[in-house]
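**Q** Input structure: upload_29.cif, which contains mmCIF, C-alpha atoms; chains and numbers go by the auth columns.
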```cif
data_run
loop_
_atom_site.group_PDB
_atom_site.id
_atom_site.type_symbol
_atom_site.label_atom_id
_atom_site.label_comp_id
_atom_site.label_asym_id
_atom_site.label_seq_id
_atom_site.Cartn_x
_atom_site.Cartn_y
_atom_site.Cartn_z
_atom_site.B_iso_or_equiv
_atom_site.auth_seq_id
_atom_site.auth_asym_id
ATOM 1 C CA MET A 1 0.000 0.000 0.000 0.00 1 D
ATOM 2 C CA LYS A 2 1.280 3.442 -0.875 0.00 2 D
ATOM 3 C CA ASN A 3 1.072 6.492 1.411 0.00 3 D
ATOM 4 C CA ILE A 4 -0.164 9.861 0.194 0.00 4 D
ATOM 5 C CA THR A 5 -0.075 13.312 1.760 0.00 5 D
ATOM 6 C CA LEU A 6 -3.109 15.586 1.747 0.00 6 D
ATOM 7 C CA SER A 7 -3.267 19.239 2.688 0.00 7 D
ATOM 8 C CA ALA A 8 -6.374 20.633 4.356 0.00 8 D
ATOM 9 C CA ASP A 9 -7.417 23.288 6.814 0.00 9 D
ATOM 10 C CA GLU A 10 -6.876 22.208 10.425 0.00 10 D
ATOM 11 C CA ARG A 11 -10.515 22.874 11.348 0.00 11 D
ATOM 12 C CA LEU A 12 -11.675 20.713 8.451 0.00 12 D
ATOM 13 C CA ILE A 13 -9.397 17.875 9.535 0.00 13 D
ATOM 14 C CA ASP A 14 -10.573 18.131 13.160 0.00 14 D
ATOM 15 C CA ALA A 15 -14.233 18.137 12.116 0.00 15 D
ATOM 16 C CA ALA A 16 -13.657 15.180 9.790 0.00 16 D
ATOM 17 C CA ARG A 17 -11.884 13.254 12.573 0.00 17 D
ATOM 18 C CA ARG A 18 -14.802 13.871 14.930 0.00 18 D
ATOM 19 C CA GLU A 19 -17.265 12.630 12.306 0.00 19 D
ATOM 20 C CA ALA A 20 -15.122 9.564 11.639 0.00 20 D
ATOM 21 C CA ALA A 21 -15.009 8.818 15.383 0.00 21 D
ATOM 22 C CA ARG A 22 -18.787 9.232 15.581 0.00 22 D
ATOM 23 C CA ARG A 23 -19.038 6.580 12.867 0.00 23 D
ATOM 24 C CA GLY A 24 -16.610 4.320 14.728 0.00 24 D
ATOM 25 C CA LYS A 25 -13.907 4.626 12.076 0.00 25 D
ATOM 26 C CA SER A 26 -10.641 6.420 11.553 0.00 26 D
ATOM 27 C CA LEU A 27 -10.323 9.327 9.166 0.00 27 D
ATOM 28 C CA ASN A 28 -7.931 7.175 7.148 0.00 28 D
ATOM 29 C CA GLU A 29 -10.598 4.436 6.784 0.00 29 D
ATOM 30 C CA LEU A 30 -13.210 6.941 5.600 0.00 30 D
ATOM 31 C CA ILE A 31 -10.866 8.534 3.072 0.00 31 D
ATOM 32 C CA ARG A 32 -9.752 5.127 1.761 0.00 32 D
ATOM 33 C CA ALA A 33 -13.382 3.978 1.400 0.00 33 D
ATOM 34 C CA TYR A 34 -14.246 7.204 -0.410 0.00 34 D
ATOM 35 C CA MET A 35 -11.308 6.778 -2.777 0.00 35 D
ATOM 36 C CA GLU A 36 -12.343 3.177 -3.507 0.00 36 D
ATOM 37 C CA GLU A 37 -15.875 4.340 -4.223 0.00 37 D
ATOM 38 C CA LEU A 38 -14.612 7.229 -6.351 0.00 38 D
ATOM 39 C CA ALA A 39 -12.358 4.912 -8.353 0.00 39 D
ATOM 40 C CA GLY A 40 -15.171 2.399 -8.758 0.00 40 D
ATOM 41 C CA SER A 41 -12.995 -0.434 -7.515 0.00 41 D
ATOM 42 C CA ARG A 42 -15.599 -1.980 -5.199 0.00 42 D
ATOM 43 C CA PRO A 43 -19.039 -0.497 -5.872 0.00 43 D
ATOM 44 C CA GLU A 44 -20.987 -3.351 -4.264 0.00 44 D
ATOM 45 C CA ASP A 45 -18.889 -3.245 -1.115 0.00 45 D
ATOM 46 C CA ALA A 46 -19.212 0.531 -0.939 0.00 46 D
ATOM 47 C CA GLU A 47 -22.994 0.369 -1.326 0.00 47 D
ATOM 48 C CA PHE A 48 -23.271 -2.329 1.321 0.00 48 D
ATOM 49 C CA GLU A 49 -21.050 -0.361 3.704 0.00 49 D
ATOM 50 C CA ARG A 50 -23.145 2.768 3.120 0.00 50 D
ATOM 51 C CA LEU A 51 -26.336 0.814 3.872 0.00 51 D
ATOM 52 C CA ARG A 52 -24.741 -0.648 7.001 0.00 52 D
ATOM 53 C CA GLU A 53 -23.623 2.828 8.090 0.00 53 D
ATOM 54 C CA LEU A 54 -27.087 4.318 7.551 0.00 54 D
ATOM 55 C CA SER A 55 -28.640 1.454 9.462 0.00 55 D
ATOM 56 C CA ARG A 56 -26.223 1.935 12.360 0.00 56 D
ATOM 57 C CA LEU A 57 -26.871 5.677 12.487 0.00 57 D
ATOM 58 C CA ALA A 58 -30.673 5.347 12.296 0.00 58 D
ATOM 59 C CA ASN A 59 -32.411 5.888 15.597 0.00 59 D
ATOM 60 C CA GLY A 60 -35.388 3.748 14.673 0.00 60 D
ATOM 61 C CA ARG A 61 -38.998 4.629 15.247 0.00 61 D
ATOM 62 C CA ARG A 62 -40.452 1.571 16.935 0.00 62 D
ATOM 63 C CA HIS A 63 -40.599 3.182 20.388 0.00 63 D
ATOM 64 C CA GLY A 64 -40.227 -0.200 22.091 0.00 64 D
ATOM 65 C CA TRP A 65 -42.885 -1.907 19.959 0.00 65 D
ATOM 66 C CA LYS A 66 -42.143 -5.515 19.083 0.00 66 D
ATOM 67 C CA PHE A 67 -43.874 -7.960 16.780 0.00 67 D
ATOM 68 C CA ASP A 68 -46.671 -9.891 18.441 0.00 68 D
ATOM 69 C CA ARG A 69 -47.262 -13.213 16.703 0.00 69 D
ATOM 70 C CA ASP A 70 -50.985 -13.266 17.575 0.00 70 D
ATOM 71 C CA GLU A 71 -51.445 -9.714 16.294 0.00 71 D
ATOM 72 C CA ILE A 72 -49.720 -10.530 13.037 0.00 72 D
ATOM 73 C CA HIS A 73 -51.958 -13.529 12.386 0.00 73 D
ATOM 74 C CA ASP A 74 -55.169 -11.898 13.561 0.00 74 D
ATOM 75 C CA ARG A 75 -57.628 -12.164 10.671 0.00 75 D
ATOM 76 C CA SER A 76 -60.471 -10.098 12.118 0.00 76 D
#
```
Turn this file's structure into structure tokens for me.

**A**
Amino acid sequence: MKNITLSADERLIDAARREAARRGKSLNELIRAYMEELAGSRPEDAEFERLRELSRLANGRRHGWKFDRDEIHDRS
């Protein structure tokens, strides 16, 4: 693997690091994934990862509700 050097404003880097941490990843991982997506080297993996990320970030809206087998099969 080859290293690259990027230049960016310090505030931008700090904000990006915070967002990466919020997602449970390093800034390096996010940039690498973006570059892979940009280059089109693994579109299916990138789409799956994006779906997984959206799912993880979603708060859900069930408010504690769970499936009730009897309710599901109620035919009335």

**Q** From the list D:Asn28, D:Gly64, D:Ala58, D:Arg52, which residue is nearest Ile4 in chain D when using all atoms listed in the file?

**A**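 Looking only at the distances to Ile4 in chain D, the closest residue turns out to be D:Asn28.
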
**Q** Expanded to explicit residues, what is the PyMOL selection byres ((chain D and resi 12-23) around 12) for this file, as a VMD selection string?

**A** chain D and resid 6 to 11 24 to 31 33 49 to 50 52 to 58

**Q** Suppose you want the space between CA of Gly60 in chain D and CA of Glu44 in chain D; what is it in Å?

**A**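 Pair CA of Gly60 in chain D / CA of Glu44 in chain D returns 24.8 Å.
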
**Q** If I wrap all listed atoms of range 38-53 of chain D in a box with edges along x, y and z and add 6 Å on each side, what are its centre and edge lengths in Å to one decimal, as JSON?

**A**
```
{"center_x": -19.3, "center_y": 1.9, "center_z": -0.3, "size_x": 26.0, "size_y": 22.6, "size_z": 28.8}
```

**Q** I'd like the interatomic distance between CA of Arg32 in chain D and CA of Ala46 in chain D, to a tenth of an Å.

**A**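 Taking CA of Arg32 in chain D and CA of Ala46 in chain D, their separation equals 10.9 Å.
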